[in-house]
>>> print(open('my_file.txt').read())   # compact mmCIF, C-alpha atoms
# COMPACT_ATOMS: atom_id res chain seq x y z
CA MET T 1 23.38 56.90 5.83
CA SER T 2 24.89 55.56 9.07
CA HIS T 3 25.27 58.10 11.86
CA LYS T 4 27.61 56.06 14.04
CA PRO T 5 30.97 57.66 14.76
CA THR T 6 34.01 55.53 14.07
CA VAL T 7 36.75 54.54 16.47
CA ILE T 8 39.19 56.91 14.75
CA HIS T 9 37.96 59.86 16.81
CA LEU T 10 38.73 58.18 20.14
CA LEU T 11 42.48 58.47 20.45
CA ARG T 12 43.92 60.35 17.49
CA SER T 13 44.54 63.74 19.09
CA CYS T 14 46.97 64.70 21.83
CA TYR T 15 44.48 64.81 24.63
CA THR T 16 40.82 65.28 23.73
CA ASN T 17 38.25 63.28 21.83
CA THR T 18 35.30 65.62 22.34
CA ILE T 19 36.57 68.24 19.90
CA ILE T 20 37.34 65.63 17.24
CA ALA T 21 33.90 64.08 17.66
CA LEU T 22 32.25 67.45 17.10
CA ILE T 23 34.39 68.27 14.05
CA LEU T 24 34.17 64.94 12.26
CA PHE T 25 30.68 64.03 13.50
CA PRO T 26 28.74 67.25 14.19
CA PHE T 27 25.53 65.25 14.65
CA VAL T 28 26.89 63.63 17.83
CA TYR T 29 25.00 64.99 20.85
CA VAL T 30 27.38 65.09 23.84
CA GLN T 31 25.49 64.47 27.07
CA VAL T 32 27.82 64.83 30.08
CA PHE T 33 26.55 65.23 33.63
CA THR T 34 29.60 65.36 35.87
CA THR T 35 33.25 64.32 35.99
CA THR T 36 36.58 65.11 34.43
CA ILE T 37 38.84 62.15 33.73
CA ILE T 38 42.49 62.41 32.80
CA ALA T 39 44.39 59.32 31.69
CA TYR T 40 48.08 59.78 30.97
CA ARG T 41 50.19 57.02 29.44
CA THR T 42 53.98 57.07 29.52
CA GLY T 43 56.46 54.44 28.46
CA VAL T 44 56.42 52.86 31.94
CA ALA T 45 53.01 53.59 33.52
CA VAL T 46 49.43 54.81 33.09
CA TYR T 47 47.93 57.41 35.44
CA ILE T 48 44.16 57.80 35.85
CA ALA T 49 42.70 60.76 37.74
CA THR T 50 39.21 62.11 38.42
CA ASP T 51 37.44 64.75 40.43
CA SER T 52 34.86 63.92 43.13
CA ARG T 53 31.63 65.70 42.11
CA ALA T 54 28.49 63.55 42.09
CA ARG T 55 24.78 64.12 41.56
CA ASP T 56 21.79 61.89 42.07
CA GLY T 57 19.20 61.08 39.41
CA ASN T 58 17.40 64.34 40.18
CA GLY T 59 20.50 66.49 39.77
CA ARG T 60 21.09 67.11 43.48
CA ILE T 61 24.73 67.41 44.52
CA LEU T 62 25.93 64.48 46.64
CA PRO T 63 28.91 64.19 49.00
CA PRO T 64 32.25 63.59 47.22
CA ILE T 65 32.56 60.10 45.78
CA CYS T 66 35.37 57.92 44.51
CA LYS T 67 35.17 57.47 40.73
CA ILE T 68 38.25 55.28 40.28
CA HIS T 69 38.10 51.56 40.98
CA ILE T 70 41.17 49.41 41.42
CA ILE T 71 40.41 45.89 40.23
CA GLY T 72 43.43 43.80 41.09
CA ASN T 73 46.26 45.02 38.89
CA ALA T 74 44.12 47.38 36.79
CA ALA T 75 42.16 50.60 37.33
CA ILE T 76 38.98 52.00 35.76
CA ALA T 77 37.15 55.33 35.88
CA HIS T 78 34.07 56.59 34.07
CA THR T 79 32.08 59.79 33.67
CA GLY T 80 28.78 60.38 35.44
CA PHE T 81 25.32 59.41 34.25
CA HIS T 82 21.71 59.25 35.52
CA SER T 83 22.38 57.19 38.65
CA GLY T 84 19.65 55.06 40.18
CA GLY T 85 17.25 52.48 38.85
CA SER T 86 18.99 50.01 36.57
CA TYR T 87 22.26 51.94 36.48
CA ASN T 88 24.91 51.63 39.18
CA ALA T 89 28.48 52.08 37.95
CA ASP T 90 30.06 50.61 41.09
CA SER T 91 27.95 47.47 40.81
CA ILE T 92 28.76 47.07 37.10
CA VAL T 93 32.51 47.22 37.76
CA CYS T 94 32.32 44.86 40.75
CA GLN T 95 30.11 42.27 39.02
CA SER T 96 32.21 42.36 35.86
CA HIS T 97 35.38 41.80 37.84
CA ARG T 98 34.00 38.96 39.92
CA THR T 99 32.86 37.05 36.85
CA SER T 100 36.09 37.56 34.88
CA ARG T 101 39.19 35.38 34.89
CA THR T 102 41.20 37.58 32.53
CA LEU T 103 41.34 41.24 31.58
CA LYS T 104 40.08 40.33 28.11
CA GLU T 105 37.00 38.76 29.69
CA PHE T 106 36.57 41.80 31.94
CA TYR T 107 36.51 44.19 28.98
CA GLY T 108 33.84 42.13 27.25
CA ILE T 109 31.65 41.56 30.31
CA TYR T 110 31.96 45.15 31.52
CA SER T 111 31.11 46.59 28.09
CA GLN T 112 28.02 44.39 27.76
CA LYS T 113 26.78 45.05 31.30
CA MET T 114 27.30 48.78 30.87
CA SER T 115 25.43 48.77 27.54
CA ASP T 116 22.51 46.82 29.04
CA ALA T 117 22.31 49.05 32.12
CA LEU T 118 22.45 52.25 30.07
CA THR T 119 19.69 51.01 27.77
CA ALA T 120 17.45 50.13 30.72
CA ARG T 121 18.18 53.42 32.47
CA ILE T 122 17.34 55.52 29.40
CA ILE T 123 13.99 53.75 29.12
CA GLU T 124 13.35 54.38 32.84
CA VAL T 125 14.23 58.07 32.49
CA GLN T 126 11.93 58.39 29.49
CA ALA T 127 9.08 56.70 31.39
CA ALA T 128 9.53 59.22 34.21
CA GLY T 129 8.86 62.06 31.75
CA ASP T 130 12.44 63.28 31.35
CA THR T 131 12.92 64.53 27.77
CA THR T 132 16.74 64.31 27.80
CA TYR T 133 16.61 61.24 25.58
CA HIS T 134 13.89 62.18 23.16
CA PRO T 135 14.28 60.79 19.61
CA ARG T 136 16.83 62.76 17.61
CA GLU T 137 19.04 62.52 14.57
CA GLY T 138 22.38 60.92 15.34
CA PRO T 139 23.89 59.30 18.44
CA ILE T 140 24.02 60.63 21.99
CA ARG T 141 27.24 60.22 23.94
CA LEU T 142 26.41 58.73 27.33
CA VAL T 143 29.47 57.57 29.26
CA GLN T 144 33.21 57.53 28.71
CA ALA T 145 35.47 55.08 30.54
CA ALA T 146 39.25 54.84 30.85
CA ILE T 147 40.88 51.56 31.88
CA ALA T 148 44.58 51.10 32.65
CA ASP T 149 46.43 47.80 32.90
CA MET T 150 49.90 46.39 32.27
CA PRO T 151 49.76 43.28 30.03
CA ASN T 152 53.19 41.69 29.55
CA GLY T 153 54.79 44.69 31.24
CA VAL T 154 53.51 47.19 28.64
CA PRO T 155 51.41 50.19 29.81
CA HIS T 156 47.95 49.78 28.27
CA LEU T 157 45.19 52.39 28.14
CA VAL T 158 41.70 51.52 26.88
CA VAL T 159 39.08 54.19 26.24
CA LEU T 160 35.44 53.14 25.85
CA ASP T 161 32.85 55.57 24.50
CA PHE T 162 29.20 54.57 24.99
CA TYR T 163 26.53 56.03 22.71
CA ALA T 164 22.78 55.70 22.31
CA ILE T 165 20.64 55.96 19.22
CA VAL T 166 17.10 56.86 20.31
CA ARG T 167 14.42 56.35 17.68
CA ASP T 168 11.43 56.33 20.03
CA SER T 169 10.67 55.36 23.62
CA ALA T 170 10.57 51.67 22.73
CA ASP T 171 13.56 51.68 20.38
CA VAL T 172 16.88 52.50 22.08
CA THR T 173 20.21 51.09 20.89
CA VAL T 174 23.33 51.50 23.02
CA TYR T 175 26.71 50.67 21.53
CA TYR T 176 30.32 51.51 22.30
CA LEU T 177 33.57 52.34 20.54
CA ARG T 178 36.95 51.25 21.84
CA GLY T 179 40.37 52.79 21.42
CA ASP T 180 43.59 51.17 22.61
CA CYS T 181 46.93 52.73 23.45
CA PRO T 182 49.43 51.63 22.24
CA GLY T 183 48.00 50.85 18.86
CA ASP T 184 45.64 53.75 18.22
CA CYS T 185 47.94 56.30 19.88
CA PRO T 186 50.32 58.41 17.79
CA ARG T 187 53.14 58.23 20.38
CA ASP T 188 54.20 56.49 23.60
CA THR T 189 53.37 59.51 25.77
CA PHE T 190 49.69 60.23 25.44
CA MET T 191 46.98 62.11 27.34
CA PHE T 192 43.24 61.47 27.20
CA VAL T 193 40.77 63.92 28.76
CA GLY T 194 37.21 62.64 29.13
CA GLY T 195 33.98 64.10 30.41
CA ILE T 196 33.84 67.82 31.07
CA SER T 197 36.97 69.45 29.68
CA SER T 198 35.97 72.86 28.31
CA ALA T 199 38.46 74.86 30.39
CA ILE T 200 41.31 72.49 29.67
CA GLU T 201 40.58 72.66 25.94
CA ARG T 202 40.22 76.43 25.91
CA ILE T 203 43.22 77.41 28.01
CA LEU T 204 45.61 74.58 27.21
CA PRO T 205 45.11 73.59 23.58
CA GLY T 206 47.23 71.26 21.50
CA GLU T 207 50.37 69.86 23.12
CA LYS T 208 50.38 72.22 26.13
CA PRO T 209 48.86 69.79 28.69
CA VAL T 210 51.65 67.29 28.03
CA ARG T 211 54.26 70.04 28.31
CA LEU T 212 52.64 71.16 31.58
CA LEU T 213 53.06 67.65 33.01
CA ASP T 214 56.68 67.62 31.86
CA SER T 215 57.20 70.91 33.67
CA LEU T 216 55.31 70.31 36.93
CA GLY T 217 55.60 66.55 37.15
CA VAL T 218 52.85 64.07 36.30
CA VAL T 219 50.90 64.13 39.57
CA ALA T 220 51.07 67.90 40.13
CA GLY T 221 50.30 68.56 36.46
CA ILE T 222 47.23 66.30 36.38
CA ASP T 223 46.01 67.79 39.65
CA SER T 224 46.39 71.32 38.27
CA LEU T 225 44.46 70.49 35.09
CA ILE T 226 41.46 69.05 36.92
CA THR T 227 41.61 71.91 39.43
CA LEU T 228 41.51 74.33 36.50
CA GLN T 229 38.37 72.64 35.19
CA SER T 230 36.75 72.62 38.64
CA HIS T 231 37.17 76.40 38.90
CA ALA T 232 35.43 76.84 35.55
CA THR T 233 32.58 74.36 36.14
CA PRO T 234 32.21 73.90 39.92
CA ASP T 235 28.68 72.47 39.66
CA SER T 236 29.99 69.55 37.60
CA VAL T 237 33.64 69.13 38.63
CA SER T 238 34.96 69.45 42.14
CA PRO T 239 37.95 68.36 44.28
CA PRO T 240 39.35 66.40 45.98
CA ILE T 241 41.21 64.80 43.07
CA ASP T 242 42.08 61.12 43.15
CA ILE T 243 44.96 59.62 41.16
CA VAL T 244 45.96 56.00 40.55
CA ARG T 245 49.15 54.81 38.88
CA VAL T 246 49.39 51.45 37.10
CA ASN T 247 52.88 50.12 36.40
CA HIS T 248 54.84 46.86 36.57
CA LEU T 249 54.18 46.68 40.31
CA GLY T 250 50.40 46.85 39.84
CA ALA T 251 47.86 49.57 40.63
CA GLU T 252 48.42 51.95 43.52
CA TRP T 253 46.84 55.11 44.87
CA ILE T 254 48.91 58.27 44.49
CA GLN T 255 46.19 60.61 45.81
CA GLN T 256 43.21 59.07 47.57
CA LYS T 257 40.13 60.06 49.54
CA GLU T 258 39.16 58.00 52.56
CA ASN T 259 36.32 56.27 50.68
CA CYS T 260 38.54 55.23 47.77
CA TYR T 261 39.56 51.64 48.27
CA GLY T 262 38.87 49.68 45.07
CA TYR T 263 38.30 45.96 45.03
CA SER T 264 41.93 44.88 45.11
CA HIS T 265 41.86 44.12 48.83
CA LYS T 266 39.45 41.24 48.36
CA GLU T 267 39.47 40.31 44.67
CA PRO T 268 42.07 38.32 42.67
CA ARG T 269 44.36 39.88 40.12
CA LEU T 270 43.35 39.42 36.49
CA LYS T 271 45.83 38.07 33.95
>>> encode(input="my_file.txt", output="structure tokens")
Amino acid sequence: MSHKPTVIHLLRSCYTNTIIALILFPFVYVQVFTTTIIAYRTGVAVYIATDSRARDGNGRILPPICKIHIIGNAAIAHTGFHSGGSYNADSIVCQSHRTSRTLKEFYGIYSQKMSDALTARIIEVQAAGDTTYHPREGPIRLVQAAIADMPNGVPHLVVLDFYAIVRDSADVTVYYLRGDCPGDCPRDTFMFVGGISSAIERILPGEKPVRLLDSLGVVAGIDSLITLQSHATPDSVSPPIDIVRVNHLGAEWIQQKENCYGYSHKEPRLK
């Protein structure tokens, strides 16, 4: 029997894929280190927001970092992982962008580089004696990524979910699932919450996060949701909160730390 989840669990609910994964695929082991991501798609734009908490490979808290990268006219954010060694998320994004001529090429190159780096990093962590990735039944969720772009003037949200199947220390398979919005989304207005989201799920179930954004405004609503999560899990999620909006004018910072700059200032726009 195959233990791979299917892409159906990525984008079928209002705002969370973790709960669906656990209901439909209870054998999925969710391994999340840091980060809350919110991606919100409307009929005219996509917003991507993250917190700033970071840890090194030994679990030590680092100074706040920027988790959103602007790559020309698109933006990408992903959850935390065992940094160091073969895995460097910033480098993966930058290298993928520099070797891509189109967004389609970027998705393919980024997904492959991320899969290769995650595989190598798991093997390194195992060799160091860390038992996080010991052989187990079913897949382990590693990293979630949200990518926003605007092909042909249509707001586009892509969610990538990276998993590992660990059979033994010499047999690690990393693969990913992809969900696209529109297409996999049930409606034009859609919210995805990735990474650590326990407080958001518990306090604001169902359609309430979307209604909160309607009430407070998109930026204030997203900020309040991530702030809510940071109060519940301060060791893993922490302000300041960065927000990027992608619309017909391109990608722009709405809230930004000083060290958030992206690659758009020196890299070409992708078609």
>>> closest_residue(input="my_file.txt", among="T:Thr35, T:Thr99, T:Ser224, T:Asn152", to="Ile68 in chain T", atoms="all atoms listed in the file")
T:Thr35
>>> closest_residue(input="my_file.txt", among="T:Ile37, T:Val166, T:Ile122, T:Val143", to="Asp223 in chain T", atoms="all atoms listed in the file")
T:Ile37
>>> residues_near_point(input="my_file.txt", point="(54.2, 63.1, 30.5)", cutoff="7 Å", atoms="only C-alpha atoms", output="list in words")
Tyr40, Thr42, Thr189, Val210, Leu213, Asp214 and Val218 of chain T
>>> atom_distance(input="my_file.txt", atom1="CA of Ala49 in chain T", atom2="CA of Ile140 in chain T")
24.4 Å
>>> closest_residue(input="my_file.txt", among="T:Ile71, T:Val172, T:Leu118, T:Ile48", to="Ser100 in chain T", atoms="only C-alpha atoms")
T:Ile71
>>> atom_distance(input="my_file.txt", atom1="CA of Ala74 in chain T", atom2="CA of Leu177 in chain T")
20.0 Å
>>> residues_around(input="my_file.txt", residues="Ser238 in chain T", least_positions_apart="6", cutoff="12 Å", atoms="all atoms listed in the file", output="PyMOL selection string")
chain T and resi 34-37+50-55+61-66+196+223+225-232
>>> atom_distance(input="my_file.txt", atom1="CA of Arg121 in chain T", atom2="CA of Ile70 in chain T")
25.0 Å
>>> closest_residue(input="my_file.txt", among="T:Val158, T:Gln95, T:Gly138, T:Asn73", to="Gln112 in chain T", atoms="all atoms listed in the file")
T:Gln95
>>> closest_residue(input="my_file.txt", among="T:Arg141, T:Arg98, T:Pro234, T:Ile243", to="Cys260 in chain T", atoms="all atoms listed in the file")
T:Ile243
>>> closest_residue(input="my_file.txt", among="T:Trp253, T:Phe192, T:Tyr176, T:Tyr110", to="Ser96 in chain T", atoms="only C-alpha atoms")
T:Tyr110
>>> residues_around(input="my_file.txt", residues="Leu249 in chain T", least_positions_apart="6", cutoff="10 Å", atoms="only C-alpha atoms", output="number ranges by chain")
T: 45, 73, 150, 153
>>> residues_around(input="my_file.txt", residues="Ala75 in chain T", least_positions_apart="4", cutoff="10 Å", atoms="all atoms listed in the file", output="PyMOL selection string")
chain T and resi 46-48+68-71+146-149+157+244-246+250-253+262-264
